[in-house]
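To keep things clear, I will list the structure first and then write my remarks on it.
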Amino acid sequence: MKYVLIAIISYFMGNISFAYILGKIITKKDVRNFGSGNAGTTNAIRAFGKKVGVMVFVGDVLKGIFAVILGRYIAGQTGAYIAGAFVIIGHNWPVLLNFKGGKGVATTIGVMVFVNFHLTAICVVIGVIVIVITRTVSLGSIFGMATAPIVAIIFIRPLTIDLLLFTIFVASMSIYRHKDNIKRLMKGNENKF
């Protein structure tokens, strides 16, 4: 029962869309009506500017952190993994916004910081390097997240099966949420930052 409770609470924490809320409060606009239509950091930057975008990023990271802390408090590391998974799902597919959320990058970073800081730091560095070289946020996000299982296998000791499975989940979720970006990247018409 406690795992179900963690899942429900974390899912609705994920539904707290800072891109939507801050867009409405600060600019009186709905972030989903701009750019990619996603309620996430990158689209908030494009729609409302860097200041709002940074606030969205921080908010989305924090909700990932808080969910994992809550999950760990209630049910240890298993609770942390459940909370992490469901806060990301809640961000990506929020019932409160008709299942039209973000792509989960910032929330995933928040989750992973408390799941395994060293793994997260390496993946973030990989993602940032790709963004700097290519000026393409989606490509950096995909690389940073998708390499998580590989980074875990190479660098994390001891590597538990739970952590490996969680990194595979995170990588799969990120690749799926960026499927349209991947199509545009393959066609050579993805947006530069």
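Residue numbering restarts at 1 in every chain; chains get A, B, ... in the order shown in the structure tokens, and ligands count up from 1 in that same order.
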
Practice task
Find the residues near A:Arg72: any atom within 12 Å, counting only C-alpha atoms, skip ones fewer than 5 places away on the same chain, and give them as a ChimeraX atom specification.
Solution key: /A:2-3,6,10,65-67,77-84,111,114-115

Handout entry: Non-local contacts of A:Thr42 (12 Å; only C-alpha atoms; under 6 positions in same chain excluded) as a PyMOL selection string
Key = chain A and resi 19+31-32+34-36+48-57+60+102-106+136-138+140-141+191-193

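Nearest-residue note for A:Asn92: choosing from A:Leu119, A:Ala47, A:Ala39, A:Val68, the minimum distance belongs to A:Ala39, counting only C-alpha atoms.
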
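We find atom CA of A:Phe143 and atom CA of A:Gly127 to be spaced 5.8 Å apart.
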
Exercise for the section: Within 12 Å of A:Leu165, counting only C-alpha atoms, which residues show up once you throw out same-chain ones fewer than 4 positions away? Write them as a VMD selection string, please. Expected result: chain A and resid 78 81 to 82 85 148 to 150 152 to 153 159 to 161 169 to 172

Exercise for the section: From a DSSP pass on the backbone, collect the residues of chain A flagged as alpha helix (DSSP H) and hand them back as number ranges by chain. Expected result: A: 2-14, 18-22, 41-48, 50-92, 105-115, 117-134, 137-146, 148-155, 161-177, 179-187

Let's have the selection written as a tab-separated table (two decimals), in the first residue's frame, with C-alpha atoms.
chain	number	residue	atom	x	y	z
A	2	LYS	CA	2.85	2.42	0.78
A	3	TYR	CA	4.25	1.93	-2.74
A	4	VAL	CA	0.88	2.83	-4.27
A	5	LEU	CA	0.72	5.92	-2.04
A	6	ILE	CA	4.21	6.99	-3.13
A	7	ALA	CA	3.27	6.49	-6.78
A	8	ILE	CA	0.08	8.56	-6.50
A	9	ILE	CA	1.67	11.43	-4.55
A	10	SER	CA	4.69	11.53	-6.85
A	11	TYR	CA	2.56	11.46	-9.99
A	12	PHE	CA	0.58	14.49	-8.82
A	13	MET	CA	3.78	16.26	-7.76
A	14	GLY	CA	4.88	15.75	-11.35
A	18	PHE	CA	6.12	25.32	-13.53
A	19	ALA	CA	6.21	26.21	-17.24
A	20	TYR	CA	2.43	26.47	-17.25
A	21	ILE	CA	2.05	28.14	-13.83
A	22	LEU	CA	4.83	30.72	-14.26
A	41	THR	CA	12.09	24.35	-19.67
A	42	THR	CA	13.30	24.64	-23.27
A	43	ASN	CA	9.92	25.71	-24.58
A	44	ALA	CA	9.49	28.14	-21.66
A	45	ILE	CA	12.81	29.78	-22.58
A	46	ARG	CA	11.73	30.10	-26.21
A	47	ALA	CA	8.28	31.42	-25.27
A	48	PHE	CA	9.02	33.62	-22.24
A	50	LYS	CA	15.72	33.03	-20.07
A	51	LYS	CA	14.60	34.40	-16.70
A	52	VAL	CA	11.31	32.49	-16.70
A	53	GLY	CA	13.05	29.49	-18.27
A	54	VAL	CA	15.57	29.30	-15.43
A	55	MET	CA	12.76	29.52	-12.87
A	56	VAL	CA	10.95	26.68	-14.65
A	57	PHE	CA	14.11	24.58	-14.70
A	58	VAL	CA	14.73	25.09	-10.98
A	59	GLY	CA	11.10	24.28	-10.13
A	60	ASP	CA	11.10	21.10	-12.22
A	61	VAL	CA	14.41	19.95	-10.72
A	62	LEU	CA	13.13	20.60	-7.19
A	63	LYS	CA	9.94	18.60	-7.66
A	64	GLY	CA	12.06	15.64	-8.77
A	65	ILE	CA	14.26	16.03	-5.69
A	66	PHE	CA	11.32	16.36	-3.29
A	67	ALA	CA	9.56	13.31	-4.74
A	68	VAL	CA	12.65	11.12	-4.28
A	69	ILE	CA	13.23	12.40	-0.74
A	70	LEU	CA	9.61	11.62	0.13
A	71	GLY	CA	9.76	8.19	-1.48
A	72	ARG	CA	12.98	7.34	0.35
A	73	TYR	CA	11.56	8.56	3.66
A	74	ILE	CA	8.48	6.36	3.31
A	75	ALA	CA	10.00	3.22	1.79
A	76	GLY	CA	13.77	3.44	1.48
A	77	GLN	CA	15.58	3.17	-1.85
A	78	THR	CA	12.74	1.23	-3.47
A	79	GLY	CA	10.43	4.09	-2.55
A	80	ALA	CA	12.93	6.53	-4.08
A	81	TYR	CA	12.88	4.65	-7.39
A	82	ILE	CA	9.07	4.48	-7.44
A	83	ALA	CA	8.77	8.17	-6.59
A	84	GLY	CA	11.35	9.07	-9.23
A	85	ALA	CA	9.58	7.10	-11.93
A	86	PHE	CA	6.14	8.50	-11.16
A	87	VAL	CA	7.15	12.15	-10.75
A	88	ILE	CA	8.70	11.96	-14.23
A	89	ILE	CA	5.59	10.27	-15.63
A	90	GLY	CA	3.45	12.94	-13.94
A	91	HIS	CA	5.54	15.69	-15.50
A	92	ASN	CA	5.45	14.13	-18.96
A	105	VAL	CA	14.70	16.41	-18.57
A	106	ALA	CA	14.85	18.85	-15.64
A	107	THR	CA	12.65	16.65	-13.44
A	108	THR	CA	14.79	13.63	-14.30
A	109	ILE	CA	17.93	15.55	-13.34
A	110	GLY	CA	16.32	16.34	-9.97
A	111	VAL	CA	15.38	12.71	-9.48
A	112	MET	CA	18.78	11.38	-10.48
A	113	VAL	CA	20.71	13.83	-8.28
A	114	PHE	CA	19.30	12.05	-5.24
A	115	VAL	CA	19.27	8.58	-6.77
A	117	PHE	CA	24.78	12.10	-7.76
A	118	HIS	CA	27.96	10.91	-9.52
A	119	LEU	CA	26.02	9.22	-12.31
A	120	THR	CA	23.92	12.35	-12.78
A	121	ALA	CA	26.93	14.67	-12.84
A	122	ILE	CA	28.61	12.63	-15.60
A	123	CYS	CA	25.40	12.50	-17.69
A	124	VAL	CA	24.79	16.25	-17.28
A	125	VAL	CA	28.37	16.99	-18.41
A	126	ILE	CA	27.86	14.77	-21.47
A	127	GLY	CA	24.60	16.54	-22.28
A	128	VAL	CA	26.08	20.02	-21.85
A	129	ILE	CA	29.09	19.18	-24.04
A	130	VAL	CA	26.77	17.96	-26.81
A	131	ILE	CA	24.62	21.13	-26.51
A	132	VAL	CA	27.68	23.42	-26.64
A	133	ILE	CA	29.13	21.63	-29.67
A	134	THR	CA	25.89	21.24	-31.64
A	137	VAL	CA	19.27	21.23	-26.74
A	138	SER	CA	17.29	18.16	-27.74
A	139	LEU	CA	20.41	16.31	-28.89
A	140	GLY	CA	22.20	17.11	-25.63
A	141	SER	CA	19.16	16.01	-23.63
A	142	ILE	CA	18.90	12.75	-25.54
A	143	PHE	CA	22.61	11.98	-25.21
A	144	GLY	CA	22.74	12.94	-21.54
A	145	MET	CA	19.78	10.72	-20.63
A	146	ALA	CA	20.36	7.89	-23.08
A	148	ALA	CA	22.82	6.85	-18.25
A	149	PRO	CA	22.87	3.01	-18.36
A	150	ILE	CA	26.27	3.02	-20.08
A	151	VAL	CA	27.69	5.52	-17.58
A	152	ALA	CA	26.29	3.40	-14.74
A	153	ILE	CA	27.93	0.23	-16.07
A	154	ILE	CA	31.30	1.92	-16.61
A	155	PHE	CA	31.61	4.22	-13.59
A	161	ILE	CA	20.41	-4.18	-10.64
A	162	ASP	CA	17.81	-1.70	-9.35
A	163	LEU	CA	19.92	1.29	-10.34
A	164	LEU	CA	20.73	-0.21	-13.74
A	165	LEU	CA	17.04	-0.90	-14.43
A	166	PHE	CA	16.14	2.62	-13.32
A	167	THR	CA	18.70	4.17	-15.67
A	168	ILE	CA	17.28	2.05	-18.52
A	169	PHE	CA	13.80	3.34	-17.63
A	170	VAL	CA	15.02	6.96	-17.58
A	171	ALA	CA	16.87	6.54	-20.89
A	172	SER	CA	13.88	4.87	-22.56
A	173	MET	CA	11.49	7.55	-21.31
A	174	SER	CA	13.74	10.34	-22.60
A	175	ILE	CA	14.20	8.75	-26.02
A	176	TYR	CA	10.44	8.20	-26.34
A	177	ARG	CA	9.58	11.77	-25.30
A	179	LYS	CA	10.87	10.94	-30.71
A	180	ASP	CA	9.70	13.96	-32.73
A	181	ASN	CA	13.04	15.70	-32.12
A	182	ILE	CA	14.85	12.56	-33.29
A	183	LYS	CA	12.82	12.61	-36.54
A	184	ARG	CA	13.72	16.28	-37.09
A	185	LEU	CA	17.37	15.60	-36.27
A	186	MET	CA	17.43	12.83	-38.87
A	187	LYS	CA	15.92	15.22	-41.42

Exercise for the section: Would you mind reading off the distance between atom CA of A:Asn189 and atom CA of A:Gly101, one decimal, in Å? Expected result: 23.0 Å

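Shortest atom-to-atom contact with A:Asn116 among A:Ile16, A:Ile156, A:Met1, A:Ile25: A:Ile156, counting only C-alpha atoms.
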